[in-house]
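File shown: data_3.cif. Contents: mmCIF, C-alpha atoms and all ligand atoms.
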data_protein
loop_
_atom_site.label_atom_id
_atom_site.label_comp_id
_atom_site.auth_asym_id
_atom_site.auth_seq_id
_atom_site.Cartn_x
_atom_site.Cartn_y
_atom_site.Cartn_z
CA MET A 291 -21.39 -5.69 0.23
CA THR A 292 -21.83 -2.53 2.26
CA VAL A 293 -19.87 -0.77 4.96
CA GLY A 294 -20.72 -2.11 8.39
CA ASP A 295 -21.94 -5.52 7.26
CA LYS A 296 -21.26 -8.18 9.87
CA GLY A 297 -20.32 -5.47 12.37
CA TYR A 298 -16.75 -5.31 11.08
CA ALA A 299 -16.51 -1.55 10.90
CA GLN A 300 -16.51 -1.01 14.65
CA ARG A 301 -13.14 -2.16 15.88
CA PRO A 302 -10.58 0.64 16.44
CA GLU A 303 -6.90 -0.07 17.00
CA PRO A 304 -6.16 -0.31 20.75
CA ALA A 305 -3.86 2.46 22.00
CA THR A 306 -1.37 -0.03 23.43
CA PRO A 307 -0.56 -3.68 22.67
CA THR A 308 -2.80 -6.23 24.35
CA GLU A 309 -2.37 -9.94 24.99
CA ASP A 310 -4.22 -10.48 21.72
CA THR A 311 -1.74 -8.42 19.71
CA VAL A 312 -0.22 -10.67 17.04
CA LEU A 313 1.60 -8.21 14.79
CA GLU A 314 3.13 -4.80 15.46
CA VAL A 315 4.77 -2.81 12.71
CA ASP A 316 6.56 0.25 14.03
CA GLY A 317 8.23 3.01 12.03
CA LEU A 318 8.98 0.63 9.16
CA GLN A 319 11.20 2.15 6.48
CA VAL A 320 12.40 0.46 3.31
CA ALA A 321 14.74 1.97 0.74
CA PHE A 322 16.20 0.43 -2.40
CA PRO A 323 19.57 1.66 -3.64
CA SER A 324 19.47 2.47 -7.35
CA GLU A 325 21.83 4.12 -9.83
CA ASP A 326 19.96 7.38 -9.37
CA GLY A 327 19.85 7.28 -5.58
CA LEU A 328 17.69 5.75 -2.87
CA VAL A 329 14.11 4.77 -3.75
CA ARG A 330 12.31 5.40 -0.45
CA ALA A 331 9.51 2.90 -0.97
CA VAL A 332 8.24 2.81 2.65
CA ARG A 333 8.68 5.86 4.88
CA GLY A 334 7.63 5.07 8.43
CA VAL A 335 4.62 2.74 8.40
CA SER A 336 3.15 1.61 11.72
CA TYR A 337 0.16 -0.55 12.54
CA ARG A 338 -0.93 -3.06 15.16
CA LEU A 339 -3.14 -6.11 14.69
CA GLU A 340 -5.02 -8.12 17.26
CA ARG A 341 -6.21 -11.69 16.83
CA GLY A 342 -9.11 -11.81 14.40
CA ALA A 343 -8.83 -8.16 13.36
CA GLY A 344 -9.00 -7.10 9.71
CA LEU A 345 -6.91 -4.27 8.30
CA GLY A 346 -7.24 -3.03 4.73
CA ILE A 347 -4.19 -1.35 3.22
CA VAL A 348 -5.31 0.76 0.28
CA GLY A 349 -3.51 2.99 -2.19
CA GLU A 350 -2.56 3.53 -5.80
CA SER A 351 0.09 1.50 -7.56
CA GLY A 352 3.56 2.25 -6.23
CA SER A 353 2.41 3.57 -2.84
CA GLY A 354 4.42 0.94 -0.95
CA LYS A 355 1.72 -1.57 -0.02
CA SER A 356 3.48 -4.68 -1.31
CA VAL A 357 6.92 -3.63 -0.11
CA THR A 358 5.48 -3.14 3.39
CA ALA A 359 4.04 -6.68 3.29
CA LEU A 360 7.23 -8.21 1.92
CA ALA A 361 9.26 -6.47 4.63
CA VAL A 362 6.98 -7.97 7.29
CA MET A 363 7.49 -11.40 5.74
CA GLY A 364 11.27 -10.97 5.39
CA LEU A 365 10.96 -11.51 1.64
CA LEU A 366 12.70 -8.40 0.32
CA PRO A 367 15.91 -8.64 -1.73
CA ALA A 368 19.09 -8.45 0.38
CA ALA A 369 19.95 -5.03 -1.08
CA ALA A 370 16.85 -3.45 0.51
CA LYS A 371 17.60 -1.26 3.52
CA VAL A 372 14.98 -2.03 6.14
CA THR A 373 14.71 -0.21 9.48
CA GLY A 374 12.09 0.06 12.18
CA SER A 375 10.48 -2.86 13.92
CA VAL A 376 8.21 -5.79 13.03
CA ARG A 377 7.13 -7.84 16.03
CA TYR A 378 5.22 -11.10 15.75
CA ARG A 379 3.63 -12.07 19.07
CA GLY A 380 6.09 -9.70 20.76
CA SER A 381 9.26 -11.07 19.08
CA GLU A 382 11.27 -8.93 16.70
CA LEU A 383 11.39 -10.32 13.15
CA LEU A 384 13.75 -7.82 11.52
CA GLY A 385 17.22 -9.33 11.58
CA LEU A 386 16.05 -12.90 12.25
CA SER A 387 17.83 -15.71 10.38
CA ASP A 388 16.27 -17.04 7.18
CA THR A 389 15.61 -20.39 8.86
CA ARG A 390 13.70 -18.86 11.73
CA LEU A 391 11.80 -16.53 9.40
CA SER A 392 10.93 -19.41 7.16
CA ASP A 393 9.43 -21.26 10.18
CA ILE A 394 7.26 -18.24 10.97
CA ARG A 395 6.19 -17.91 7.32
CA GLY A 396 5.21 -21.58 7.30
CA SER A 397 3.01 -21.29 10.33
CA GLY A 398 2.50 -17.94 12.06
CA ILE A 399 2.12 -15.58 9.11
CA ALA A 400 0.70 -16.75 5.78
CA MET A 401 0.95 -14.65 2.64
CA ILE A 402 -1.44 -14.85 -0.29
CA PHE A 403 -0.24 -13.26 -3.53
CA GLN A 404 -2.16 -11.99 -6.54
CA ASP A 405 -1.02 -14.97 -8.61
CA PRO A 406 -1.88 -18.22 -6.80
CA MET A 407 0.68 -20.09 -8.90
CA THR A 408 3.36 -18.25 -6.89
CA SER A 409 2.37 -20.46 -3.94
CA LEU A 410 1.17 -23.69 -5.57
CA ASN A 411 3.42 -26.49 -6.72
CA PRO A 412 2.33 -27.40 -10.27
CA VAL A 413 3.46 -31.04 -10.00
CA HIS A 414 1.44 -31.96 -6.90
CA THR A 415 -2.33 -32.27 -6.56
CA VAL A 416 -4.00 -29.55 -4.53
CA GLY A 417 -5.09 -32.16 -1.97
CA ALA A 418 -1.49 -33.31 -1.48
CA GLN A 419 -0.41 -29.72 -0.90
CA ILE A 420 -3.03 -29.15 1.78
CA ILE A 421 -2.19 -32.50 3.40
CA GLU A 422 1.48 -31.53 3.52
CA GLY A 423 0.60 -28.35 5.43
CA LEU A 424 -1.63 -30.28 7.83
CA LEU A 425 0.97 -32.96 8.58
CA ARG A 426 3.69 -30.36 9.12
CA HIS A 427 1.67 -28.83 11.93
CA ASN A 428 0.07 -32.03 13.23
CA PRO A 429 2.75 -34.72 13.02
CA ASP A 430 0.50 -37.22 14.84
CA MET A 431 -2.34 -36.89 12.36
CA SER A 432 -2.98 -39.99 10.23
CA LYS A 433 -2.82 -39.68 6.46
CA ARG A 434 -6.48 -40.66 6.24
CA ALA A 435 -7.50 -37.95 8.72
CA ALA A 436 -5.34 -35.42 6.85
CA ARG A 437 -7.01 -36.32 3.57
CA ASP A 438 -10.47 -35.95 5.15
CA ARG A 439 -9.52 -32.60 6.63
CA ALA A 440 -8.05 -31.43 3.29
CA VAL A 441 -11.34 -32.24 1.56
CA GLU A 442 -13.23 -30.47 4.33
CA LEU A 443 -11.03 -27.38 3.93
CA LEU A 444 -11.61 -27.33 0.16
CA GLY A 445 -15.35 -27.41 0.86
CA THR A 446 -14.98 -24.65 3.46
CA VAL A 447 -13.42 -22.28 0.93
CA GLY A 448 -16.20 -23.02 -1.53
CA ILE A 449 -14.62 -25.48 -3.95
CA PRO A 450 -17.41 -27.57 -5.50
CA HIS A 451 -17.05 -31.37 -5.34
CA PRO A 452 -14.09 -31.07 -2.97
CA ASP A 453 -13.47 -34.83 -2.82
CA ARG A 454 -12.88 -34.95 -6.57
CA ARG A 455 -11.10 -31.60 -6.72
CA ALA A 456 -8.55 -32.71 -4.11
CA ASP A 457 -7.04 -34.92 -6.81
CA SER A 458 -6.77 -32.07 -9.34
CA TYR A 459 -3.52 -30.39 -10.29
CA PRO A 460 -3.43 -26.60 -10.06
CA HIS A 461 -3.55 -26.16 -13.84
CA GLU A 462 -6.86 -28.06 -13.93
CA LEU A 463 -8.55 -25.37 -11.82
CA SER A 464 -9.69 -21.84 -12.70
CA GLY A 465 -7.83 -18.85 -11.24
CA GLY A 466 -10.51 -18.22 -8.62
CA MET A 467 -10.46 -21.85 -7.48
CA ARG A 468 -6.66 -21.85 -7.33
CA GLN A 469 -6.77 -18.77 -5.11
CA ARG A 470 -9.25 -20.55 -2.82
CA VAL A 471 -6.92 -23.55 -2.65
CA VAL A 472 -4.15 -21.20 -1.50
CA ILE A 473 -6.50 -19.94 1.21
CA ALA A 474 -7.26 -23.55 2.23
CA ILE A 475 -3.51 -24.22 2.53
CA ALA A 476 -3.14 -21.10 4.68
CA MET A 477 -5.96 -22.38 6.93
CA ALA A 478 -4.27 -25.80 7.23
CA ASN A 479 -1.24 -24.04 8.66
CA ASP A 480 -3.44 -22.37 11.28
CA PRO A 481 -1.79 -18.96 10.94
CA ALA A 482 -2.14 -16.08 13.40
CA VAL A 483 -1.90 -13.57 10.54
CA ILE A 484 -2.91 -13.80 6.88
CA ILE A 485 -1.51 -11.13 4.56
CA ALA A 486 -3.35 -11.11 1.24
CA ASP A 487 -1.72 -8.89 -1.41
CA GLU A 488 -4.23 -7.99 -4.14
CA PRO A 489 -5.71 -11.52 -3.92
CA THR A 490 -8.61 -10.71 -6.24
CA THR A 491 -7.15 -8.18 -8.67
CA ALA A 492 -6.84 -10.60 -11.58
CA LEU A 493 -10.35 -12.01 -11.12
CA ASP A 494 -13.74 -10.90 -12.40
CA VAL A 495 -16.20 -9.36 -9.98
CA THR A 496 -18.21 -12.50 -9.18
CA VAL A 497 -15.12 -14.59 -8.64
CA GLN A 498 -13.60 -11.79 -6.52
CA ALA A 499 -16.61 -12.09 -4.22
CA GLN A 500 -16.05 -15.82 -3.82
CA VAL A 501 -12.39 -15.38 -2.96
CA LEU A 502 -13.17 -12.60 -0.47
CA GLU A 503 -15.82 -14.82 1.14
CA ALA A 504 -13.22 -17.60 1.41
CA LEU A 505 -10.76 -15.21 3.07
CA GLU A 506 -13.44 -14.14 5.49
CA THR A 507 -14.18 -17.77 6.31
CA ALA A 508 -10.47 -18.39 6.89
CA ARG A 509 -10.35 -15.41 9.23
CA GLU A 510 -13.41 -16.55 11.15
CA GLU A 511 -12.45 -20.22 11.41
CA THR A 512 -8.78 -19.76 12.34
CA GLY A 513 -9.15 -16.52 14.33
CA ALA A 514 -6.29 -15.13 12.22
CA ALA A 515 -5.82 -11.42 11.77
CA LEU A 516 -6.18 -10.38 8.13
CA VAL A 517 -4.20 -7.74 6.26
CA LEU A 518 -5.98 -7.16 2.96
CA ILE A 519 -3.91 -5.16 0.48
CA THR A 520 -5.81 -3.63 -2.41
CA HIS A 521 -5.97 -0.58 -4.64
CA ASP A 522 -9.77 -0.78 -4.40
CA LEU A 523 -11.50 0.84 -1.41
CA GLY A 524 -14.67 -1.06 -2.32
CA VAL A 525 -12.97 -4.35 -1.51
CA VAL A 526 -12.18 -3.36 2.07
CA ALA A 527 -15.68 -2.01 2.76
CA GLY A 528 -17.19 -5.33 3.69
CA HIS A 529 -14.14 -7.32 4.65
CA THR A 530 -12.02 -5.41 7.18
CA ASP A 531 -12.53 -3.44 10.39
CA ARG A 532 -9.93 -0.78 9.75
CA VAL A 533 -8.23 0.83 6.80
CA ALA A 534 -4.83 2.41 6.32
CA VAL A 535 -4.58 4.55 3.18
CA MET A 536 -1.04 4.68 1.78
CA TYR A 537 0.44 7.36 -0.45
CA ALA A 538 4.08 7.78 -1.48
CA GLY A 539 5.33 5.22 1.04
CA ARG A 540 3.41 6.52 4.05
CA VAL A 541 0.07 5.96 5.74
CA VAL A 542 -1.81 9.22 5.13
CA GLU A 543 -5.08 8.29 6.82
CA SER A 544 -6.14 5.43 9.08
CA GLY A 545 -9.25 4.59 11.01
CA THR A 546 -12.23 2.29 11.07
CA VAL A 547 -13.91 1.52 7.78
CA GLU A 548 -16.81 3.78 8.76
CA GLU A 549 -14.53 6.68 9.66
CA LEU A 550 -12.72 6.45 6.33
CA PHE A 551 -15.89 6.13 4.28
CA TYR A 552 -18.11 8.60 6.10
CA GLU A 553 -15.76 11.03 7.84
CA PRO A 554 -12.62 11.09 5.69
CA ARG A 555 -10.07 13.64 6.86
CA MET A 556 -7.55 13.50 4.06
CA PRO A 557 -8.20 14.86 0.55
CA TYR A 558 -6.47 11.83 -0.99
CA THR A 559 -9.03 9.53 0.65
CA LEU A 560 -11.79 11.75 -0.77
CA GLY A 561 -10.18 11.33 -4.15
CA LEU A 562 -10.17 7.54 -3.78
CA LEU A 563 -13.81 7.59 -2.70
CA GLY A 564 -14.70 9.71 -5.70
CA SER A 565 -13.02 7.31 -8.08
CA MET A 566 -14.98 4.21 -7.08
CA PRO A 567 -18.53 3.11 -7.96
CA ARG A 568 -21.12 4.23 -5.41
CA MET A 569 -24.69 3.34 -4.60
CA ASP A 570 -25.49 6.77 -3.16
CA ARG A 571 -25.41 8.65 -6.44
CA ASP A 572 -27.81 8.41 -9.30
CA ASP A 573 -25.28 8.64 -12.07
CA ASP A 574 -22.40 6.28 -12.56
CA ARG A 575 -19.75 8.94 -13.13
CA LEU A 576 -16.38 8.23 -11.60
CA THR A 577 -13.96 11.01 -10.77
CA PRO A 578 -10.37 9.88 -11.06
CA ILE A 579 -7.72 11.84 -9.16
CA ALA A 580 -5.91 14.05 -11.64
CA GLY A 581 -2.14 13.64 -11.91
CA SER A 582 0.00 10.80 -10.67
CA PRO A 583 1.92 9.92 -7.50
CA PRO A 584 5.41 11.39 -7.12
CA SER A 585 8.64 9.54 -7.79
CA LEU A 586 10.03 8.06 -4.58
CA LEU A 587 13.53 9.12 -5.62
CA ASN A 588 14.46 12.51 -4.14
CA LEU A 589 10.99 13.38 -2.88
CA PRO A 590 10.65 17.16 -2.53
CA PRO A 591 9.79 18.64 0.90
CA GLY A 592 6.17 19.09 1.87
CA CYS A 593 3.11 16.92 1.48
CA PRO A 594 3.62 14.48 -1.41
CA PHE A 595 -0.07 14.76 -2.31
CA ALA A 596 0.04 18.58 -2.52
CA PRO A 597 0.53 18.79 -6.30
CA ARG A 598 -2.76 16.91 -6.78
CA CYS A 599 -4.67 18.37 -3.85
CA PRO A 600 -7.61 20.78 -4.16
CA MET A 601 -6.95 22.11 -0.63
CA ARG A 602 -3.25 22.87 -1.16
CA GLU A 603 -1.79 25.96 0.48
CA ASP A 604 1.77 27.31 0.76
CA ARG A 605 2.40 25.39 3.96
CA CYS A 606 1.74 22.10 2.16
CA ASP A 607 4.75 22.71 -0.07
CA ARG A 608 7.01 23.32 2.93
CA ASP A 609 6.06 20.85 5.68
CA GLU A 610 5.13 17.21 5.32
CA PRO A 611 2.23 16.73 7.78
CA SER A 612 2.64 14.04 10.42
CA LEU A 613 0.02 11.32 10.78
CA HIS A 614 -1.85 12.75 13.75
CA VAL A 615 -4.92 11.72 15.74
CA VAL A 616 -7.95 13.68 14.56
CA ASP A 617 -10.53 12.31 16.97
CA ALA A 618 -10.78 10.35 20.16
CA GLY A 619 -11.35 6.99 18.48
CA GLY A 620 -7.86 6.79 16.99
CA HIS A 621 -8.76 8.13 13.55
CA ARG A 622 -5.55 9.63 12.07
CA SER A 623 -4.83 11.92 9.15
CA ALA A 624 -1.69 13.33 7.59
CA CYS A 625 -3.28 16.56 6.37
CA HIS A 626 -2.57 20.03 7.83
CA PHE A 627 -6.19 20.93 7.17
CA ALA A 628 -7.88 17.73 8.35
CA ASP A 629 -10.13 19.79 10.64
CA ARG A 630 -11.71 21.57 7.68
CA LEU A 631 -13.33 18.31 6.70
CA VAL A 632 -15.01 17.85 10.10
CA GLY A 633 -18.75 17.62 10.04
CA MET A 634 -19.09 17.43 6.31
CA GLU A 635 -21.88 15.08 5.39
CA ALA A 636 -20.85 12.15 3.28
CA GLY A 637 -22.99 13.54 0.47
CA ALA A 638 -21.21 16.88 0.61
CA VAL A 639 -17.85 15.18 0.63
CA PHE A 640 -18.81 13.14 -2.38
CA GLU A 641 -20.10 16.24 -4.11
CA ALA A 642 -16.77 17.80 -3.34
CA THR A 643 -15.02 15.15 -5.33
CA GLY A 644 -17.50 15.55 -8.15
CA ALA A 645 -17.72 17.59 -11.31
CA ASP A 646 -17.17 21.17 -10.20
CA ASN A 647 -15.28 20.69 -6.94
CA GLU A 648 -17.20 23.59 -5.44
CA SER A 649 -17.35 22.21 -1.92
CA LEU A 650 -13.67 21.42 -1.61
CA ALA A 651 -12.70 24.66 -3.28
CA ARG A 652 -14.89 26.50 -0.73
CA LEU A 653 -13.19 24.61 2.09
CA ALA A 654 -9.78 25.50 0.79
CA ARG A 655 -10.79 29.16 0.67
CA SER A 656 -12.37 29.19 4.13
CA ASP A 657 -9.34 30.75 5.88
CA SER A 658 -7.64 32.45 2.98
CA GLU A 659 -7.80 32.60 -0.76
CA ALA A 660 -7.12 29.21 -2.27
CA SER A 661 -3.64 29.03 -3.68
CA SER A 662 -4.51 26.64 -6.44
CA GLU A 663 -7.50 25.49 -8.36
CA ALA A 664 -9.21 22.29 -7.40
CA SER A 665 -7.69 19.36 -9.17
CA PHE A 666 -10.15 16.51 -8.89
CA GLU A 667 -11.24 16.76 -12.47
CA ALA A 668 -14.55 15.49 -13.69
CA SER A 669 -14.78 12.53 -15.94
CA SER A 670 -17.62 10.92 -17.73
CA GLU A 671 -15.95 7.53 -17.60
CA THR A 672 -17.99 4.73 -16.22
CA ALA A 673 -16.67 1.80 -14.23
CA ALA A 674 -14.48 -0.43 -16.32
CA GLU A 675 -16.21 -3.61 -17.29
CA ALA A 676 -14.62 -6.39 -15.35
CA THR A 677 -13.10 -8.96 -17.61
CA ALA A 678 -11.19 -12.09 -16.82
CA GLU A 679 -11.62 -15.73 -16.44
CA SER A 680 -14.96 -17.43 -16.35
CA GLU A 681 -15.47 -19.74 -13.46
CA SER A 682 -17.00 -23.17 -13.90
CA ALA A 683 -20.78 -23.07 -14.03
CA ASN A 684 -21.34 -25.11 -10.90
CA ASP A 685 -18.93 -22.97 -8.87
CA MET A 686 -19.99 -21.27 -5.67
CA ASN A 687 -22.04 -18.11 -6.08
CA GLY A 688 -20.96 -14.73 -4.72
CA SER A 689 -22.80 -11.49 -4.42
CA THR A 690 -20.40 -8.70 -3.52
CA ASP A 691 -20.43 -5.91 -6.04
CA GLY A 692 -17.71 -3.82 -4.49
CA THR A 693 -19.95 -0.79 -3.99
CA TYR A 694 -21.16 0.77 -0.78
CA GLY A 695 -24.07 2.86 0.30
CA LYS A 696 -24.73 5.43 2.96
CA GLY A 697 -27.92 3.64 3.89
CA SER A 698 -25.99 0.72 5.33
CA ARG A 699 -24.61 2.70 8.17
N1 LIG B 701 13.08 -4.61 -5.60
C1 LIG B 701 12.88 -3.30 -5.80
N2 LIG B 701 13.89 -2.49 -6.18
C2 LIG B 701 13.69 -1.16 -6.38
N3 LIG B 701 12.50 -0.54 -6.20
C3 LIG B 701 11.47 -1.30 -5.83
C4 LIG B 701 11.59 -2.73 -5.62
N4 LIG B 701 10.38 -3.21 -5.25
C5 LIG B 701 9.53 -2.15 -5.24
N5 LIG B 701 10.19 -1.01 -5.59
C6 LIG B 701 9.60 0.34 -5.67
O1 LIG B 701 8.98 0.60 -4.43
C7 LIG B 701 7.81 1.39 -4.63
C8 LIG B 701 6.64 0.77 -3.93
O2 LIG B 701 6.29 -0.45 -4.60
P1 LIG B 701 5.12 -1.42 -4.14
O3 LIG B 701 5.20 -2.63 -4.99
O4 LIG B 701 5.17 -1.62 -2.66
O5 LIG B 701 3.84 -0.57 -4.49
P2 LIG B 701 2.33 -1.05 -4.35
O6 LIG B 701 1.62 0.03 -3.60
O7 LIG B 701 2.24 -2.42 -3.80
O8 LIG B 701 1.88 -1.02 -5.86
P3 LIG B 701 1.22 -2.17 -6.73
O9 LIG B 701 -0.23 -2.15 -6.37
O10 LIG B 701 1.47 -1.75 -8.13
O11 LIG B 701 1.92 -3.46 -6.36
C9 LIG B 701 7.63 1.52 -6.14
O12 LIG B 701 8.16 2.77 -6.53
C10 LIG B 701 8.47 0.40 -6.69
O13 LIG B 701 8.97 0.73 -7.97
#
Can you present the structure in this file as structure tokens?
Ligand SMILES: Nc1ncnc2c1ncn2[C@@H]1O[C@H](COP(=O)(O)OP(=O)(O)OP(=O)(O)O)[C@@H](O)[C@H]1O
Amino acid sequence: MTVGDKGYAQRPEPATPTEDTVLEVDGLQVAFPSEDGLVRAVRGVSYRLERGAGLGIVGESGSGKSVTALAVMGLLPAAAKVTGSVRYRGSELLGLSDTRLSDIRGSGIAMIFQDPMTSLNPVHTVGAQIIEGLLRHNPDMSKRAARDRAVELLGTVGIPHPDRRADSYPHELSGGMRQRVVIAIAMANDPAVIIADEPTTALDVTVQAQVLEALETAREETGAALVLITHDLGVVAGHTDRVAVMYAGRVVESGTVEELFYEPRMPYTLGLLGSMPRMDRDDDRLTPIAGSPPSLLNLPPGCPFAPRCPMREDRCDRDEPSLHVVDAGGHRSACHFADRLVGMEAGAVFEATGADNESLARLARSDSEASSEASFEASSETAAEATAESESANDMNGSTDGTYGKGSR
């Protein structure tokens, strides 16, 4: 799959809500009290989704992706302190009763977790579980029609022999098939928004492709907006229109898929790009970002990425940059020096995240002497071999390899 396939990479976020806006998250903050103080897991996340739009939320482990999703769904533990605003079709969700929220979860907003068994009932057949969803939303539907539709939905998400599979229990299916059943159940509920939290992380690459295809089908057939949460930028390349990159509880860059891949304006995004497999380089070296994200307890002032950033200057240790618009299309970056990345060719950017860091180091020195050495260290590691379950031989075939290439633009 490549960036720009199916024309997805072209849809910027509208400046103001429209009649198609289904979800608005505004200044969302989540903190968890702990013995050592407040863990500030989400620090002011905002995004807006229109019907049918696809937003990828990307970041390393612990950056606040899941907590943001759980806050939207009203699924956080009672001790969590949640502020800001989450509006579904214009109505505020924060503070709603559990009953009302549960209604919205059942219909308006569907959530797909990494482990499909979180959502499936082990003692009912998968067909029965889809039928239940259908009848809940279509009380006048006959049982026969519901069964036919359930089988059709299983076929739509790529389950082979759907008529037979409808009578299977979840434990009789592979992990990839179970995840596709969860997607079929989400489709039966006809949601306006599907939030998928690392839906393919536990699956091998071929099976990942099948599940992503099924999600795409669900998005196309229901017109739902999709929030795809992943630590893997490659996954969002072919499956969303926009991307929000999260770091230390905040969005640090957002824009269309093309903007993020070809005109990144935040060194952290460059680091993520450098640490994924690419089709535009001859070797298969990956360049992991040196260091690790900061603790969310007592975050020091300044940019939380500064200790790992090759462009760090004194100012970065003092002021945390706001997420500001860096070009007319709504592309945003939370880097004081976002402008220094303007006009860099993708190749140069990628080089910058490569072995010697010369390009980024030069950028950092363009106004003054660099205050620290570049920290994207080289590595000769190759992409980890995907391991996991093996899908049944007659299962649907996928083709996404999770890489992207400049030539697709
Ligand atoms: N119930 C909780 N109580 C206290 N801290 C929590 C709780 N849930 C999450 N956190 C903390 O919030 C921060 C953000 O976690 P979150 O799960 O959103 O990260 P993530 O980006 O989704 O990472 P991953 O990909 O590993 O799931 C982490 O520091 C995590 O330890």
Taken to one decimal, the CA of Ser432 (chain A)-CA of Ala456 (chain A) distance is 17.0 Å
What would the list of residues within 9 Å of (-7.1, -0.3, -2.9) (file frame) look like as a list in words, if all atoms listed in the file are what count?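 Those within range, by chain then number, are Gly346, Ile347, Val348, Gly349, Glu350, Ser351, Glu488, Ile519, Thr520, His521, Asp522, Leu523, Gly524, Val525, Val526, Val535 and Leu562 of chain A.
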Using all atoms listed in the file, which protein or nucleic acid residues are at most 6 Å from ligand LIG 701 (chain B), as number ranges by chain? A: 322, 331, 350-357, 586
Excluding same-chain residues fewer than 5 positions from region 413-415 of chain A, what lies within 12 Å of it counting only C-alpha atoms, as a PyMOL selection string? chain A and resi 407+420-422+437+440+454-463+468+471
For Ser409 (chain A), please output as a ChimeraX atom specification all residues within 10 Å (counting only C-alpha atoms; exclusion window: fewer than 3 positions along the same chain). /A:401-406,412,468-469,471-472,475
For region 462-578 of chain A versus region 589-600 of chain A, which residues have an atom no more than 10 Å away, and what is each residue's nearest atom pair and distance in Å rounded to one decimal, using all atoms listed in the file, chain-then-number order, as JSON lines?
{"residue": "A:Tyr537", "atom": "CA", "partner": "A:Phe595", "partner_atom": "CA", "distance": 7.6}
{"residue": "A:Ala538", "atom": "CA", "partner": "A:Pro594", "partner_atom": "CA", "distance": 6.7}
{"residue": "A:Gly539", "atom": "CA", "partner": "A:Pro594", "partner_atom": "CA", "distance": 9.7}
{"residue": "A:Arg540", "atom": "CA", "partner": "A:Pro594", "partner_atom": "CA", "distance": 9.7}
{"residue": "A:Val542", "atom": "CA", "partner": "A:Phe595", "partner_atom": "CA", "distance": 9.4}
{"residue": "A:Met556", "atom": "CA", "partner": "A:Cys599", "partner_atom": "CA", "distance": 9.7}
{"residue": "A:Pro557", "atom": "CA", "partner": "A:Cys599", "partner_atom": "CA", "distance": 6.6}
{"residue": "A:Tyr558", "atom": "CA", "partner": "A:Phe595", "partner_atom": "CA", "distance": 7.2}
{"residue": "A:Gly561", "atom": "CA", "partner": "A:Cys599", "partner_atom": "CA", "distance": 8.9}
Taking all atoms listed in the file into account, which of A:His451, A:Asn479, A:Thr507, A:Asp617 comes nearest Thr546 (chain A)? A:Asp617
So the first atom is CA of Glu314 (chain A) and the second is CA of Gly398 (chain A); what is the distance between them in Å, to one decimal place? 13.6 Å
Env of Gly448 (chain A): 12 Å cut, atoms = all atoms listed in the file, seq-sep filter 3 positions within chain, self excluded. Answer as a ChimeraX atom specification. /A:441-445,451-452,455,466-471,473-474,497,499-508,684-688
With distances taken over all atoms listed in the file, which residue among A:Thr512, A:Ser582, A:Thr491, A:Ser392 lies nearest Ala476 (chain A)?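 Checking each of A:Thr512, A:Ser582, A:Thr491, A:Ser392 against Ala476 (chain A), counting all atoms listed in the file, the winner is A:Thr512.
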Which residue gives the smallest distance to Ala368 (chain A) among A:Val312, A:Met431, A:Ala321, A:Leu560, with all atoms listed in the file counted?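 Counting all atoms listed in the file, the residue closest to Ala368 (chain A) is A:Ala321.
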Sphere at (-4.5, 8.2, 9.9), radius 6 Å, counting all atoms listed in the file: residues as JSON, numbers by chain: {"A": [542, 543, 544, 613, 621, 622, 623]}
Point-to-point distance from CA of Pro307 (chain A) to CA of Arg341 (chain A), Å rounded to tenths: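 Interatomic distance, CA of Pro307 (chain A) to CA of Arg341 (chain A): 11.4 Å.
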Which one of A:Glu340, A:Leu410, A:Gly545, A:Asp531 sits closest to Gly619 (chain A) if you count only C-alpha atoms? A:Gly545
